[in-house]
Structures are given as C-alpha cells and as structure tokens.
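Trainee: Could you have a look at this structure, given as structure tokens, before my questions?
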Amino acid sequence: MKDMYILGIESSCDETSCSIVKNGREEIATIVLSQIDIHVDFGGVVPEIASRHHVKNITMVIEACLVKAKMTMDEIDAIAITYGPGLIGSLLVGLEAAKTLSYLYHKPLIPVHHIAGHIYANSLVKPLKFPLLALVVSGGHTDLIRMDAHYKFEKLGGTLDDAVGECYDKVARVVGLGYPGGPKIDQLAEKGQPTYDLPMPLNDDSYNFSFSGLKSAVINLAHHEEQLHRAIVPEDLAVSFQQVVVDSIVKKTKKALRDHSIHHLIVAGGVAANKGLRSGLEKMCEQELVDLSIPPLQFCTDNAAMIAAAGYFAYLDGRIADLALNSKSSDPLR
Ligand code: KG4
Ligand code: ZN
C-alpha cells in the first residue's frame, strides 16, 4: 500500500490543533494553539469563548501546519476530524473546516472519536500490540478499554461519576490553585508528605471508578480546617490526594490486566501526563511483566496528531463520512 498522509484537525475543547501524520505512525508536523491563558481568569473553559477563538484561529493553524510540514493540500490523502465528544460549539468549528477541505480538495473525510484519538496517540510512539488494555484518563473520561484488534473497542469499566481530570481540576480550585488544576497538583505533590487521611474510592472488584466521594472528602477537609483556623498545607494535601487517585487507578488496571491475561497496557488522555500516575503504573507493570506505553507529554493532552493517527486506522476500517457528518457532544466509543 502506498504511503498515506492524513491531515487531522482537533477542536473539541480549548485547543485548536492541526497535524499531518504518515501511515498512522509518523508525525510530520503538528500545531497546537492552546487557549489556557484566555480561560484561566474564569477558572475553567468557557464554551462560547472557546468556540469564538477556534473560529479566529482555525485557518491560521491549518496553514501553519502545512507550512511546517512543507506540504500542499495536493499531497494530503485524507482529512481526519474529531466529531465528538466535546463542546459542541468548539467541535463544529473544526468539523466545518474539515468538511470544507474535504469538499474543495476531493479528499475522504474520516470521523474520529476523541477518545480513539487519545488511544492512538500511542501509535505515534510504537505500533499497538493486541490484545491490549487502554487506560483512558482525561478531563472527561476514566475508562478501561480492551482492544483485540485495531478499532475494536470493548469497554470493561469506567467512572460512575466525575472523570479523574475533572476531580483534579475541582480539588485544585478548592485549594486555590486555579485552572488547569491537574498539572499544578502534580507539581505540588512532589514537594509534600501524605499527611492527610483520605478515603480510597470504590474499593471493590469491579473495573469501575468513582472520584466524586474523594473530591467531597477533600472539600470537607479544607472547610473543616478553615473552621478550626488551621491552614491547609497545599503540598501535603496534593500528595495525599494524588496517592489515593494513583492507588485506585493502578489497582483497577492491575486487576483488569490479570483477569484478562493482557500483557500490553497503553495509557491515554491528559492525566497520563501525571508524574505520580506514570511512576505508579511503571512499577506495577514491571512487577506484572506488562509492556507499558505512555505517550510523550505533547501527545497526552489534546492535539491533532493523535486524531490523524487514529484517522489512518479508522480509514483502514472503512470509516468514511460524507458532508452530512455532524458533531456530537457525547457519543460512546465504538
Ligand atoms: O485529555 P485532555 O487534554 O482533555 C480532555 O479530553 O479532557 O485532559 C485534560 C485534563 C484536565 O483535567 C487536566 O487538569 C488534566 O487533564 N491534566 C493533568 C495533568 N496534566 C493535565 N492531571 C493530572 N496531572 C497532570 N500532570
Ligand atoms: Zn482529550
């Protein structure tokens, strides 16, 4: 088969991104324009503001990516686009750009589920080996997914309430760290001692997670200390919280690997950037003789390279859309 260059577009939240990837494996060029500086004052992403900035930036980002790759649209074989899940206004901007390129340049349009993108970020590191277990940890998802072949997803379990990234962001807000909380708690955790006693969430035999109880426990603890006029030690709270999160995720992941006799674990999503989680998973995989793949930081958080990579395997699976393709704010991975 001839080499295939896919141009991917991602705009599901607050990153406007375009990337060109060869054969689902090799990143040629990527541009990611983050809006974090804009949303930081609001303590989180404001959907209306996010979509306006996508509109302002999308053309520039696509052009910059082609320039960086030293390629023209004639050399692109297909357009991969995140159709969902995500913020509907943000998704629509990327989708309309992708449809326009597809129509103008007569290129196939490949619909990519955002979580498939996060999973296929690992394909940019090394080829996926099956059967594998994908641990998806992001602002919107905490899922354990089994894959027996490309684009065959079987969800084993997931969060029953808050996603892990969402929990990080909310806890950070209570402790006064601002947005996005994940990276800030992660940094603080390196300097603290786990002095606060927090409950282990959903300590059962399922593959499901629950983080809202832990979030409430941190908020209650903060209020309690405040009532007693005692100052919270942010770095100690950060490491106490992070340890419980990491223990819960590592325990459930280990159980799923053992029960299913799987020896390949891939990690995906923004929280895969977390140092505590990375080291917890590394230790567990070493003990269990499991081959672990975690993407480099730039492919953990939202980016279009992962969408272009997933798009290649979606294309091989026959997933081509027409111009009636619509965005979806929520949609199961299938
Ligand atoms: O995958 P992502 O970029 O967007 C979604 O698809 O949700 O994930 C964003 C989430 C945010 O909640 C952010 O706080 C979290 O990932 N995050 C982290 C770290 N870096 C990003 N959480 C913990 N530790 C980190 N180092
Ligand atoms: Zn994401």
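Scheme for the structure tokens: letters A, B, ... for chains in order shown; per-chain residue numbers from 1; ligand numbers from 1 in order shown.
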Extract, using only C-alpha atoms, all DNA, RNA and protein residues at most 10 Å from A:Gln242, discarding same-chain residues fewer than 6 positions from it, and format them as a PDB file with C-alpha atoms, in the first residue's frame.

Mentor:
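selection17.pdb, written as the output of this step:
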```pdb
ATOM      1  CA  TYR A 168      -8.121  17.180  39.842  1.00  0.00           C
ATOM      2  CA  GLY A 182      -4.030  18.718  37.200  1.00  0.00           C
ATOM      3  CA  ILE A 185      -1.405  19.449  41.897  1.00  0.00           C
ATOM      4  CA  ASP A 186       1.104  17.155  40.180  1.00  0.00           C
ATOM      5  CA  ALA A 189       2.700  16.690  45.130  1.00  0.00           C
ATOM      6  CA  PRO A 194       0.978  12.351  52.563  1.00  0.00           C
ATOM      7  CA  ASP A 236       0.728  17.759  51.684  1.00  0.00           C
ATOM      8  CA  SER A 248      -7.226   3.463  42.878  1.00  0.00           C
ATOM      9  CA  ASN A 274       0.737  12.957  35.695  1.00  0.00           C
ATOM     10  CA  LYS A 275       4.123  12.031  37.174  1.00  0.00           C
ATOM     11  CA  GLY A 276       2.645  10.133  40.131  1.00  0.00           C
ATOM     12  CA  LEU A 277       0.420   8.043  37.871  1.00  0.00           C
TER      13      LEU A 277
END
```

Trainee: Around ligand 1, which protein and nucleic acid residues have at least one atom no more than 6 Å from it, if we count only C-alpha atoms and all ligand atoms? List them as a ChimeraX atom specification.

Mentor: /A:138-140,165-166,168-169,180-183,186,269-271,273-274,301-302

Trainee: Neighbours of ligand 2 at 10 Å or closer, counting only C-alpha atoms and all ligand atoms: which residues, as a list in words?

Mentor: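 The distance check yields Glu10, Ser11, Ser12, Cys13, Asp14, Glu15, Pro85, Gly86, His114, Ile115, Ala116, Gly117, His118, Val136, Val137, Ser138, Gly139, Gly140, His141, Ala268, Gly269, Gly270, Val271, Phe299, Cys300, Thr301, Asp302, Asn303 and Met306 of chain A.
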
Trainee: Those same residues - N, CA, C and O atoms - I'd like them written as a compact mmCIF listing (two decimals), in the first residue's frame.

Mentor:
```txt
# COMPACT_ATOMS: atom_id res chain seq x y z
N GLU A 10 -8.31 18.95 15.32
CA GLU A 10 -8.89 18.73 16.67
C GLU A 10 -9.29 20.09 17.25
O GLU A 10 -8.47 21.01 17.30
N SER A 11 -10.57 20.20 17.67
CA SER A 11 -11.02 21.45 18.29
C SER A 11 -12.13 21.15 19.30
O SER A 11 -13.07 21.93 19.41
N SER A 12 -12.01 20.02 20.04
CA SER A 12 -13.15 19.61 20.86
C SER A 12 -13.28 20.39 22.16
O SER A 12 -14.33 20.41 22.77
N CYS A 13 -12.19 21.04 22.60
CA CYS A 13 -12.27 21.79 23.86
C CYS A 13 -11.61 23.16 23.67
O CYS A 13 -12.12 23.99 22.93
N ASP A 14 -10.45 23.36 24.28
CA ASP A 14 -9.83 24.70 24.18
C ASP A 14 -8.49 24.67 23.44
O ASP A 14 -7.72 25.61 23.56
N GLU A 15 -8.21 23.61 22.69
CA GLU A 15 -7.02 23.61 21.85
C GLU A 15 -7.44 23.57 20.39
O GLU A 15 -8.24 22.73 20.01
N PRO A 85 -16.59 13.15 21.42
CA PRO A 85 -17.40 14.07 22.21
C PRO A 85 -16.60 15.33 22.56
O PRO A 85 -15.39 15.34 22.40
N GLY A 86 -17.30 16.34 23.02
CA GLY A 86 -16.64 17.59 23.37
C GLY A 86 -17.65 18.73 23.44
O GLY A 86 -18.86 18.48 23.48
N HIS A 114 -12.98 11.34 19.84
CA HIS A 114 -11.88 11.98 20.57
C HIS A 114 -11.08 10.97 21.41
O HIS A 114 -9.84 11.05 21.49
N ILE A 115 -11.77 10.01 22.01
CA ILE A 115 -11.07 9.03 22.87
C ILE A 115 -10.27 8.04 22.02
O ILE A 115 -9.18 7.60 22.42
N ALA A 116 -10.78 7.70 20.82
CA ALA A 116 -9.96 6.87 19.91
C ALA A 116 -8.67 7.63 19.61
O ALA A 116 -7.58 7.04 19.55
N GLY A 117 -8.79 8.95 19.44
CA GLY A 117 -7.60 9.78 19.22
C GLY A 117 -6.61 9.63 20.36
O GLY A 117 -5.43 9.32 20.15
N HIS A 118 -7.09 9.81 21.60
CA HIS A 118 -6.18 9.69 22.76
C HIS A 118 -5.51 8.31 22.76
O HIS A 118 -4.31 8.19 23.02
N VAL A 136 -7.81 5.12 29.81
CA VAL A 136 -8.04 6.48 29.33
C VAL A 136 -8.34 7.37 30.52
O VAL A 136 -9.31 7.15 31.24
N VAL A 137 -7.47 8.34 30.76
CA VAL A 137 -7.63 9.23 31.91
C VAL A 137 -7.55 10.69 31.43
O VAL A 137 -6.49 11.20 31.12
N SER A 138 -8.71 11.33 31.35
CA SER A 138 -8.72 12.71 30.82
C SER A 138 -9.66 13.58 31.64
O SER A 138 -10.13 13.17 32.70
N GLY A 139 -9.94 14.77 31.11
CA GLY A 139 -10.86 15.67 31.80
C GLY A 139 -12.30 15.17 31.73
O GLY A 139 -13.14 15.54 32.55
N GLY A 140 -12.59 14.32 30.75
CA GLY A 140 -13.97 13.84 30.58
C GLY A 140 -14.13 12.35 30.75
O GLY A 140 -15.26 11.86 30.80
N HIS A 141 -13.03 11.59 30.80
CA HIS A 141 -13.13 10.13 30.83
C HIS A 141 -12.17 9.50 31.82
O HIS A 141 -11.07 10.01 32.04
N ALA A 268 -3.71 6.81 28.01
CA ALA A 268 -4.13 7.87 27.10
C ALA A 268 -4.84 8.98 27.86
O ALA A 268 -5.44 8.73 28.90
N GLY A 269 -4.78 10.21 27.31
CA GLY A 269 -5.52 11.33 27.90
C GLY A 269 -4.63 12.25 28.72
O GLY A 269 -3.52 11.89 29.10
N GLY A 270 -5.15 13.44 29.00
CA GLY A 270 -4.37 14.48 29.66
C GLY A 270 -3.74 14.06 30.98
O GLY A 270 -2.61 14.44 31.29
N VAL A 271 -4.45 13.24 31.77
CA VAL A 271 -3.94 12.86 33.09
C VAL A 271 -2.78 11.84 32.96
O VAL A 271 -2.05 11.60 33.92
N PHE A 299 1.70 14.56 23.40
CA PHE A 299 0.63 13.74 22.80
C PHE A 299 -0.38 13.26 23.84
O PHE A 299 -1.32 12.55 23.51
N CYS A 300 -0.14 13.60 25.14
CA CYS A 300 -1.11 13.22 26.18
C CYS A 300 -2.29 14.18 26.19
O CYS A 300 -3.44 13.77 26.22
N THR A 301 -1.99 15.48 26.17
CA THR A 301 -3.08 16.46 26.17
C THR A 301 -3.58 16.63 24.72
O THR A 301 -2.98 16.10 23.80
N ASP A 302 -4.70 17.34 24.58
CA ASP A 302 -5.37 17.38 23.27
C ASP A 302 -4.46 17.89 22.16
O ASP A 302 -3.81 18.94 22.30
N ASN A 303 -4.43 17.15 21.06
CA ASN A 303 -3.60 17.51 19.90
C ASN A 303 -4.18 16.81 18.68
O ASN A 303 -4.92 15.83 18.80
N MET A 306 -2.80 12.89 17.28
CA MET A 306 -3.49 11.66 17.71
C MET A 306 -4.74 11.42 16.85
O MET A 306 -5.13 10.28 16.60
```

Trainee: Just give me the gap between atom CA of A:Asp161 and atom CA of A:Leu92 in Å, one decimal is fine.

Mentor: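 Value for the atom CA of A:Asp161-atom CA of A:Leu92 distance: 26.6 Å.
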
Trainee: Please report the interatomic distance between atom CA of A:Ser19 and atom CA of A:Arg146 in Å with one decimal.

Mentor: 26.9 Å

Trainee: Please identify which residues in stretch 38-195 of chain A DSSP calls helix (DSSP H, G or I) from the backbone, and express them as a PDB file with C-alpha atoms, in the first residue's frame.

Mentor:
```
ATOM      1  CA  ILE A  38      -7.690  33.049  27.971  1.00  0.00           C
ATOM      2  CA  HIS A  39      -9.770  30.732  30.200  1.00  0.00           C
ATOM      3  CA  VAL A  40      -7.540  30.881  33.272  1.00  0.00           C
ATOM      4  CA  ASP A  41      -9.283  34.033  34.568  1.00  0.00           C
ATOM      5  CA  PHE A  42     -12.628  32.179  34.551  1.00  0.00           C
ATOM      6  CA  PRO A  47     -17.591  27.192  25.853  1.00  0.00           C
ATOM      7  CA  GLU A  48     -18.765  30.311  23.991  1.00  0.00           C
ATOM      8  CA  ILE A  49     -15.358  31.976  24.288  1.00  0.00           C
ATOM      9  CA  ALA A  50     -13.634  28.743  23.211  1.00  0.00           C
ATOM     10  CA  SER A  51     -15.643  28.432  20.002  1.00  0.00           C
ATOM     11  CA  ARG A  52     -15.054  32.085  19.103  1.00  0.00           C
ATOM     12  CA  HIS A  53     -11.308  31.585  19.413  1.00  0.00           C
ATOM     13  CA  HIS A  54     -11.448  28.420  17.324  1.00  0.00           C
ATOM     14  CA  VAL A  55     -13.170  30.430  14.567  1.00  0.00           C
ATOM     15  CA  LYS A  56     -10.458  33.087  14.775  1.00  0.00           C
ATOM     16  CA  ASN A  57      -7.579  30.607  14.698  1.00  0.00           C
ATOM     17  CA  ILE A  58      -8.535  27.518  12.724  1.00  0.00           C
ATOM     18  CA  THR A  59      -7.457  28.677   9.243  1.00  0.00           C
ATOM     19  CA  MET A  60      -4.179  30.043  10.568  1.00  0.00           C
ATOM     20  CA  VAL A  61      -3.445  26.783  12.412  1.00  0.00           C
ATOM     21  CA  ILE A  62      -4.122  24.625   9.310  1.00  0.00           C
ATOM     22  CA  GLU A  63      -1.942  26.885   7.124  1.00  0.00           C
ATOM     23  CA  ALA A  64       0.865  26.913   9.699  1.00  0.00           C
ATOM     24  CA  CYS A  65       0.796  23.112   9.842  1.00  0.00           C
ATOM     25  CA  LEU A  66       1.097  22.751   6.050  1.00  0.00           C
ATOM     26  CA  VAL A  67       3.958  25.272   6.021  1.00  0.00           C
ATOM     27  CA  LYS A  68       5.732  23.434   8.854  1.00  0.00           C
ATOM     28  CA  ALA A  69       5.335  20.118   7.009  1.00  0.00           C
ATOM     29  CA  MET A  73      -3.112  20.006   0.173  1.00  0.00           C
ATOM     30  CA  ASP A  74      -2.468  18.047  -3.051  1.00  0.00           C
ATOM     31  CA  GLU A  75      -0.074  15.808  -1.113  1.00  0.00           C
ATOM     32  CA  ILE A  88     -20.493  21.310  20.632  1.00  0.00           C
ATOM     33  CA  GLY A  89     -19.631  24.855  19.504  1.00  0.00           C
ATOM     34  CA  SER A  90     -15.916  24.060  19.506  1.00  0.00           C
ATOM     35  CA  LEU A  91     -16.364  20.768  17.664  1.00  0.00           C
ATOM     36  CA  LEU A  92     -18.444  22.432  14.943  1.00  0.00           C
ATOM     37  CA  VAL A  93     -15.669  24.865  14.029  1.00  0.00           C
ATOM     38  CA  GLY A  94     -13.155  22.065  13.359  1.00  0.00           C
ATOM     39  CA  LEU A  95     -15.794  19.981  11.606  1.00  0.00           C
ATOM     40  CA  GLU A  96     -16.772  22.763   9.195  1.00  0.00           C
ATOM     41  CA  ALA A  97     -13.107  23.404   8.390  1.00  0.00           C
ATOM     42  CA  ALA A  98     -12.547  19.680   7.734  1.00  0.00           C
ATOM     43  CA  LYS A  99     -15.648  19.405   5.564  1.00  0.00           C
ATOM     44  CA  THR A 100     -14.601  22.458   3.551  1.00  0.00           C
ATOM     45  CA  LEU A 101     -11.128  20.994   2.897  1.00  0.00           C
ATOM     46  CA  SER A 102     -12.637  17.604   2.042  1.00  0.00           C
ATOM     47  CA  TYR A 103     -15.077  19.172  -0.440  1.00  0.00           C
ATOM     48  CA  LEU A 104     -12.640  21.619  -2.054  1.00  0.00           C
ATOM     49  CA  TYR A 105      -9.741  19.191  -2.465  1.00  0.00           C
ATOM     50  CA  HIS A 114     -11.881  11.978  20.571  1.00  0.00           C
ATOM     51  CA  ILE A 115     -11.069   9.032  22.866  1.00  0.00           C
ATOM     52  CA  ALA A 116      -9.965   6.871  19.907  1.00  0.00           C
ATOM     53  CA  GLY A 117      -7.597   9.777  19.216  1.00  0.00           C
ATOM     54  CA  HIS A 118      -6.180   9.687  22.757  1.00  0.00           C
ATOM     55  CA  ILE A 119      -5.704   5.904  22.470  1.00  0.00           C
ATOM     56  CA  TYR A 120      -3.954   6.176  19.082  1.00  0.00           C
ATOM     57  CA  ALA A 121      -1.532   8.794  20.433  1.00  0.00           C
ATOM     58  CA  ASN A 122       0.319   5.634  21.466  1.00  0.00           C
ATOM     59  CA  SER A 123       0.667   4.591  17.825  1.00  0.00           C
ATOM     60  CA  LEU A 124       2.932   7.629  17.366  1.00  0.00           C
ATOM     61  CA  VAL A 164     -10.252  11.875  37.133  1.00  0.00           C
ATOM     62  CA  GLY A 165      -9.091  15.101  35.388  1.00  0.00           C
ATOM     63  CA  GLU A 166     -12.325  16.827  36.401  1.00  0.00           C
ATOM     64  CA  CYS A 167     -11.670  15.772  40.018  1.00  0.00           C
ATOM     65  CA  TYR A 168      -8.121  17.180  39.842  1.00  0.00           C
ATOM     66  CA  ASP A 169      -9.432  20.481  38.488  1.00  0.00           C
ATOM     67  CA  LYS A 170     -12.136  20.769  41.160  1.00  0.00           C
ATOM     68  CA  VAL A 171      -9.801  19.910  44.028  1.00  0.00           C
ATOM     69  CA  ALA A 172      -7.278  22.447  42.716  1.00  0.00           C
ATOM     70  CA  ARG A 173      -9.976  25.105  42.733  1.00  0.00           C
ATOM     71  CA  VAL A 174     -10.824  24.410  46.396  1.00  0.00           C
ATOM     72  CA  GLY A 181      -5.536  22.016  38.303  1.00  0.00           C
ATOM     73  CA  GLY A 182      -4.030  18.718  37.200  1.00  0.00           C
ATOM     74  CA  PRO A 183      -0.503  19.898  36.349  1.00  0.00           C
ATOM     75  CA  LYS A 184      -0.446  22.200  39.420  1.00  0.00           C
ATOM     76  CA  ILE A 185      -1.405  19.449  41.897  1.00  0.00           C
ATOM     77  CA  ASP A 186       1.104  17.155  40.180  1.00  0.00           C
ATOM     78  CA  GLN A 187       3.930  19.688  40.709  1.00  0.00           C
ATOM     79  CA  LEU A 188       2.966  20.402  44.333  1.00  0.00           C
ATOM     80  CA  ALA A 189       2.700  16.690  45.130  1.00  0.00           C
TER      81      ALA A 189
END
```

Trainee: Using only C-alpha atoms for the distances, tell me which of A:Ile20, A:Gly178, A:Arg278, A:Met4 is nearest to A:Val45.

Mentor: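 Comparing A:Ile20, A:Gly178, A:Arg278, A:Met4 against A:Val45, the winner is A:Gly178.
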
Trainee: Mind listing the strand (DSSP E) residues of stretch 122-323 of chain A, per DSSP on the backbone, as a compact mmCIF listing (two decimals) with all heavy atoms, in the first residue's frame?

Mentor:
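Once written, out-v8.txt looks like this:
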```
# COMPACT_ATOMS: atom_id res chain seq x y z
N LEU A 132 -4.71 -5.62 23.93
CA LEU A 132 -4.16 -4.60 24.83
C LEU A 132 -5.26 -4.03 25.71
O LEU A 132 -6.45 -4.15 25.41
CB LEU A 132 -3.45 -3.49 24.05
CG LEU A 132 -4.23 -2.59 23.09
CD1 LEU A 132 -5.04 -1.54 23.82
CD2 LEU A 132 -3.25 -1.90 22.15
N LEU A 133 -4.82 -3.41 26.79
CA LEU A 133 -5.74 -2.68 27.66
C LEU A 133 -5.39 -1.20 27.54
O LEU A 133 -4.21 -0.84 27.66
CB LEU A 133 -5.58 -3.15 29.11
CG LEU A 133 -6.55 -2.52 30.11
CD1 LEU A 133 -7.97 -3.05 29.89
CD2 LEU A 133 -6.13 -2.82 31.56
N ALA A 134 -6.40 -0.39 27.26
CA ALA A 134 -6.17 1.07 27.20
C ALA A 134 -6.78 1.70 28.44
O ALA A 134 -7.96 1.51 28.73
CB ALA A 134 -6.80 1.64 25.95
N LEU A 135 -5.94 2.41 29.17
CA LEU A 135 -6.43 3.19 30.32
C LEU A 135 -6.56 4.63 29.85
O LEU A 135 -5.56 5.26 29.51
CB LEU A 135 -5.42 3.08 31.47
CG LEU A 135 -5.60 4.06 32.63
CD1 LEU A 135 -6.89 3.79 33.40
CD2 LEU A 135 -4.39 4.00 33.58
N VAL A 136 -7.81 5.12 29.81
CA VAL A 136 -8.04 6.48 29.33
C VAL A 136 -8.34 7.37 30.52
O VAL A 136 -9.31 7.15 31.24
CB VAL A 136 -9.24 6.52 28.35
CG1 VAL A 136 -9.45 7.94 27.84
CG2 VAL A 136 -9.01 5.57 27.18
N VAL A 137 -7.47 8.34 30.76
CA VAL A 137 -7.63 9.23 31.91
C VAL A 137 -7.55 10.69 31.43
O VAL A 137 -6.49 11.20 31.12
CB VAL A 137 -6.54 8.95 32.99
CG1 VAL A 137 -6.93 7.78 33.86
CG2 VAL A 137 -5.16 8.69 32.38
N THR A 142 -12.61 8.38 32.40
CA THR A 142 -11.71 7.47 33.13
C THR A 142 -12.20 6.08 32.75
O THR A 142 -13.16 5.59 33.33
CB THR A 142 -11.82 7.67 34.65
OG1 THR A 142 -11.81 9.07 34.92
CG2 THR A 142 -10.66 7.00 35.39
N ASP A 143 -11.59 5.48 31.75
CA ASP A 143 -12.12 4.23 31.20
C ASP A 143 -11.03 3.18 31.09
O ASP A 143 -9.87 3.50 30.84
CB ASP A 143 -12.66 4.46 29.76
CG ASP A 143 -13.90 5.33 29.74
OD1 ASP A 143 -14.66 5.31 30.71
OD2 ASP A 143 -14.09 6.04 28.72
N LEU A 144 -11.44 1.92 31.23
CA LEU A 144 -10.58 0.79 30.91
C LEU A 144 -11.19 0.11 29.68
O LEU A 144 -12.34 -0.34 29.72
CB LEU A 144 -10.49 -0.19 32.08
CG LEU A 144 -9.57 0.27 33.22
CD1 LEU A 144 -9.76 -0.58 34.47
CD2 LEU A 144 -8.10 0.25 32.78
N ILE A 145 -10.42 0.07 28.60
CA ILE A 145 -10.94 -0.43 27.32
C ILE A 145 -10.04 -1.55 26.81
O ILE A 145 -8.81 -1.38 26.74
CB ILE A 145 -11.01 0.73 26.29
CG1 ILE A 145 -12.05 1.74 26.76
CG2 ILE A 145 -11.35 0.21 24.89
CD1 ILE A 145 -11.94 3.08 26.12
N ARG A 146 -10.66 -2.67 26.46
CA ARG A 146 -9.90 -3.78 25.88
C ARG A 146 -9.95 -3.67 24.36
O ARG A 146 -11.00 -3.36 23.78
CB ARG A 146 -10.54 -5.10 26.34
CG ARG A 146 -9.83 -6.31 25.78
CD ARG A 146 -10.58 -7.61 26.03
NE ARG A 146 -9.91 -8.63 25.22
CZ ARG A 146 -9.42 -9.76 25.68
NH1 ARG A 146 -9.56 -10.07 26.93
NH2 ARG A 146 -8.80 -10.60 24.87
N MET A 147 -8.83 -3.91 23.71
CA MET A 147 -8.80 -3.93 22.24
C MET A 147 -8.15 -5.23 21.77
O MET A 147 -7.04 -5.56 22.20
CB MET A 147 -7.99 -2.74 21.69
CG MET A 147 -8.68 -1.40 21.84
SD MET A 147 -7.62 -0.05 21.27
CE MET A 147 -7.71 -0.24 19.49
N PHE A 153 -13.14 -1.78 20.07
CA PHE A 153 -13.10 -1.28 21.44
C PHE A 153 -14.14 -1.99 22.30
O PHE A 153 -15.31 -2.06 21.93
CB PHE A 153 -13.41 0.22 21.46
CG PHE A 153 -12.55 1.04 20.54
CD1 PHE A 153 -13.08 1.58 19.36
CD2 PHE A 153 -11.22 1.30 20.84
CE1 PHE A 153 -12.30 2.35 18.50
CE2 PHE A 153 -10.44 2.07 19.99
CZ PHE A 153 -10.97 2.59 18.83
N GLU A 154 -13.72 -2.51 23.45
CA GLU A 154 -14.67 -3.13 24.38
C GLU A 154 -14.44 -2.49 25.75
O GLU A 154 -13.39 -2.68 26.38
CB GLU A 154 -14.40 -4.64 24.47
CG GLU A 154 -15.38 -5.36 25.37
CD GLU A 154 -14.90 -6.77 25.77
OE1 GLU A 154 -13.97 -7.30 25.12
OE2 GLU A 154 -15.43 -7.30 26.75
N LYS A 155 -15.43 -1.72 26.19
CA LYS A 155 -15.27 -1.02 27.47
C LYS A 155 -15.47 -1.99 28.63
O LYS A 155 -16.52 -2.63 28.74
CB LYS A 155 -16.29 0.13 27.55
CG LYS A 155 -16.12 0.98 28.78
CD LYS A 155 -16.95 2.25 28.70
CE LYS A 155 -17.11 2.86 30.07
NZ LYS A 155 -17.86 4.09 30.08
N LEU A 156 -14.45 -2.11 29.49
CA LEU A 156 -14.56 -3.01 30.64
C LEU A 156 -15.13 -2.28 31.85
O LEU A 156 -15.79 -2.89 32.69
CB LEU A 156 -13.18 -3.58 31.00
CG LEU A 156 -12.44 -4.36 29.91
CD1 LEU A 156 -11.11 -4.86 30.43
CD2 LEU A 156 -13.28 -5.53 29.43
N GLY A 157 -14.84 -1.01 31.95
CA GLY A 157 -15.34 -0.24 33.09
C GLY A 157 -15.01 1.23 32.90
O GLY A 157 -14.28 1.61 31.99
N GLY A 158 -15.57 2.04 33.78
CA GLY A 158 -15.32 3.48 33.66
C GLY A 158 -15.79 4.18 34.93
O GLY A 158 -16.27 3.53 35.86
N HIS A 264 -0.16 -5.99 27.45
CA HIS A 264 0.16 -4.69 26.87
C HIS A 264 -0.80 -3.65 27.44
O HIS A 264 -2.01 -3.80 27.30
CB HIS A 264 0.02 -4.71 25.34
CG HIS A 264 0.91 -5.70 24.70
ND1 HIS A 264 2.27 -5.50 24.59
CD2 HIS A 264 0.66 -6.90 24.16
CE1 HIS A 264 2.81 -6.56 24.01
NE2 HIS A 264 1.87 -7.42 23.73
N LEU A 265 -0.23 -2.63 28.07
CA LEU A 265 -1.05 -1.55 28.62
C LEU A 265 -0.67 -0.25 27.93
O LEU A 265 0.52 0.09 27.86
CB LEU A 265 -0.81 -1.42 30.13
CG LEU A 265 -1.50 -0.23 30.81
CD1 LEU A 265 -3.03 -0.37 30.77
CD2 LEU A 265 -1.03 -0.07 32.27
N ILE A 266 -1.67 0.46 27.41
CA ILE A 266 -1.39 1.79 26.88
C ILE A 266 -2.19 2.81 27.69
O ILE A 266 -3.30 2.51 28.15
CB ILE A 266 -1.69 1.92 25.36
CG1 ILE A 266 -3.17 1.72 25.06
CG2 ILE A 266 -0.85 0.95 24.55
CD1 ILE A 266 -3.50 1.96 23.60
N VAL A 267 -1.61 3.97 27.91
CA VAL A 267 -2.28 4.99 28.71
C VAL A 267 -2.56 6.19 27.81
O VAL A 267 -1.75 6.52 26.94
CB VAL A 267 -1.41 5.39 29.92
CG1 VAL A 267 -2.21 6.23 30.89
CG2 VAL A 267 -0.88 4.16 30.63
N ALA A 268 -3.71 6.81 28.01
CA ALA A 268 -4.13 7.87 27.10
C ALA A 268 -4.84 8.98 27.86
O ALA A 268 -5.44 8.73 28.90
CB ALA A 268 -5.07 7.28 26.06
N ASP A 291 3.98 -4.88 29.25
CA ASP A 291 4.63 -3.89 28.41
C ASP A 291 3.78 -2.60 28.46
O ASP A 291 2.60 -2.62 28.12
CB ASP A 291 4.68 -4.48 26.98
CG ASP A 291 5.22 -3.50 25.98
OD1 ASP A 291 6.11 -2.74 26.34
OD2 ASP A 291 4.72 -3.50 24.83
N LEU A 292 4.39 -1.50 28.94
CA LEU A 292 3.65 -0.26 29.17
C LEU A 292 4.00 0.80 28.12
O LEU A 292 5.18 1.00 27.82
CB LEU A 292 4.00 0.27 30.57
CG LEU A 292 3.48 1.66 30.94
CD1 LEU A 292 1.96 1.68 31.07
CD2 LEU A 292 4.11 2.13 32.25
N SER A 293 2.98 1.46 27.59
CA SER A 293 3.24 2.57 26.66
C SER A 293 2.48 3.80 27.13
O SER A 293 1.26 3.75 27.34
CB SER A 293 2.80 2.17 25.25
OG SER A 293 2.69 3.31 24.43
```

Trainee: I need the residue nearest A:Lys215 from this list: A:Gln193, A:Ala29, A:Val175, A:Ile81. Use only C-alpha atoms for the distance.

Mentor: A:Val175

Trainee: Taking only C-alpha atoms into account, name the residue in A:Gly84, A:Val233, A:Leu128, A:Leu202 that is nearest to A:Leu214.

Mentor: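 Checking each candidate against A:Leu214, we get A:Leu202 as the closest.
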
Trainee: Excluding same-chain residues fewer than 2 positions from A:Leu160, what lies within 9 Å of it counting only C-alpha atoms, as a list in words?

Mentor: Gly157, Gly158, Asp162, Ala163, Asn208, Phe209, Ser210, Phe211 and Ser212 of chain A

Trainee: Using only C-alpha atoms, find each residue of stretch 102-203 of chain A with at least one atom at most 10 Å away from an atom of stretch 77-80 of chain A; report its shortest atom-to-atom pair and that distance in Å (one decimal), sort the rows by chain and rising residue number, and return the result as a Markdown table.

Mentor:
```
| residue | atom | partner | partner_atom | distance |
| --- | --- | --- | --- | --- |
| A:Ser102 | CA | A:Ile79 | CA | 6.5 |
| A:Tyr105 | CA | A:Ala78 | CA | 9.5 |
| A:His106 | CA | A:Ala78 | CA | 8.8 |
| A:Lys107 | CA | A:Ala78 | CA | 5.0 |
| A:Pro108 | CA | A:Ala78 | CA | 4.9 |
| A:Leu109 | CA | A:Ile79 | CA | 5.1 |
| A:Ile110 | CA | A:Ala80 | CA | 4.5 |
| A:Pro111 | CA | A:Ala80 | CA | 6.0 |
| A:Val112 | CA | A:Ala80 | CA | 6.5 |
```

Trainee: Between atom CA of A:Lys255 and atom CA of A:Gly192, what distance in Å does the model show, to one decimal?

Mentor: 28.9 Å

Trainee: From the set A:Lys129, A:Lys2, A:His113, A:Arg258, which residue has the shortest atom-to-atom contact distance to A:Gly311, counting only C-alpha atoms?

Mentor: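 Nearest to A:Gly311: A:His113.
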
Trainee: Can you list, as a ChimeraX atom specification, every protein, DNA or RNA residue that comes within 9 Å of A:Pro199 when you count only C-alpha atoms, leaving out same-chain residues fewer than 5 positions away?

Mentor: /A:213-214,217,244

Trainee: Excluding same-chain residues fewer than 3 positions from A:Lys22, what lies within 8 Å of it counting only C-alpha atoms, as a VMD selection string?

Mentor: chain A and resid 3 to 6 25 to 28 309

Trainee: Determine the nearest neighbour of A:Thr253 from the options A:Ile31, A:Met284, A:Ile307, A:Cys18, counting only C-alpha atoms.

Mentor: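 When distances to A:Thr253 are compared using only C-alpha atoms, the smallest one comes from A:Met284.
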
Trainee: Quick one: of A:Met200, A:Ile232, A:Glu288, A:Gln227, who's nearest to A:Val246, counting only C-alpha atoms?

Mentor: A:Met200
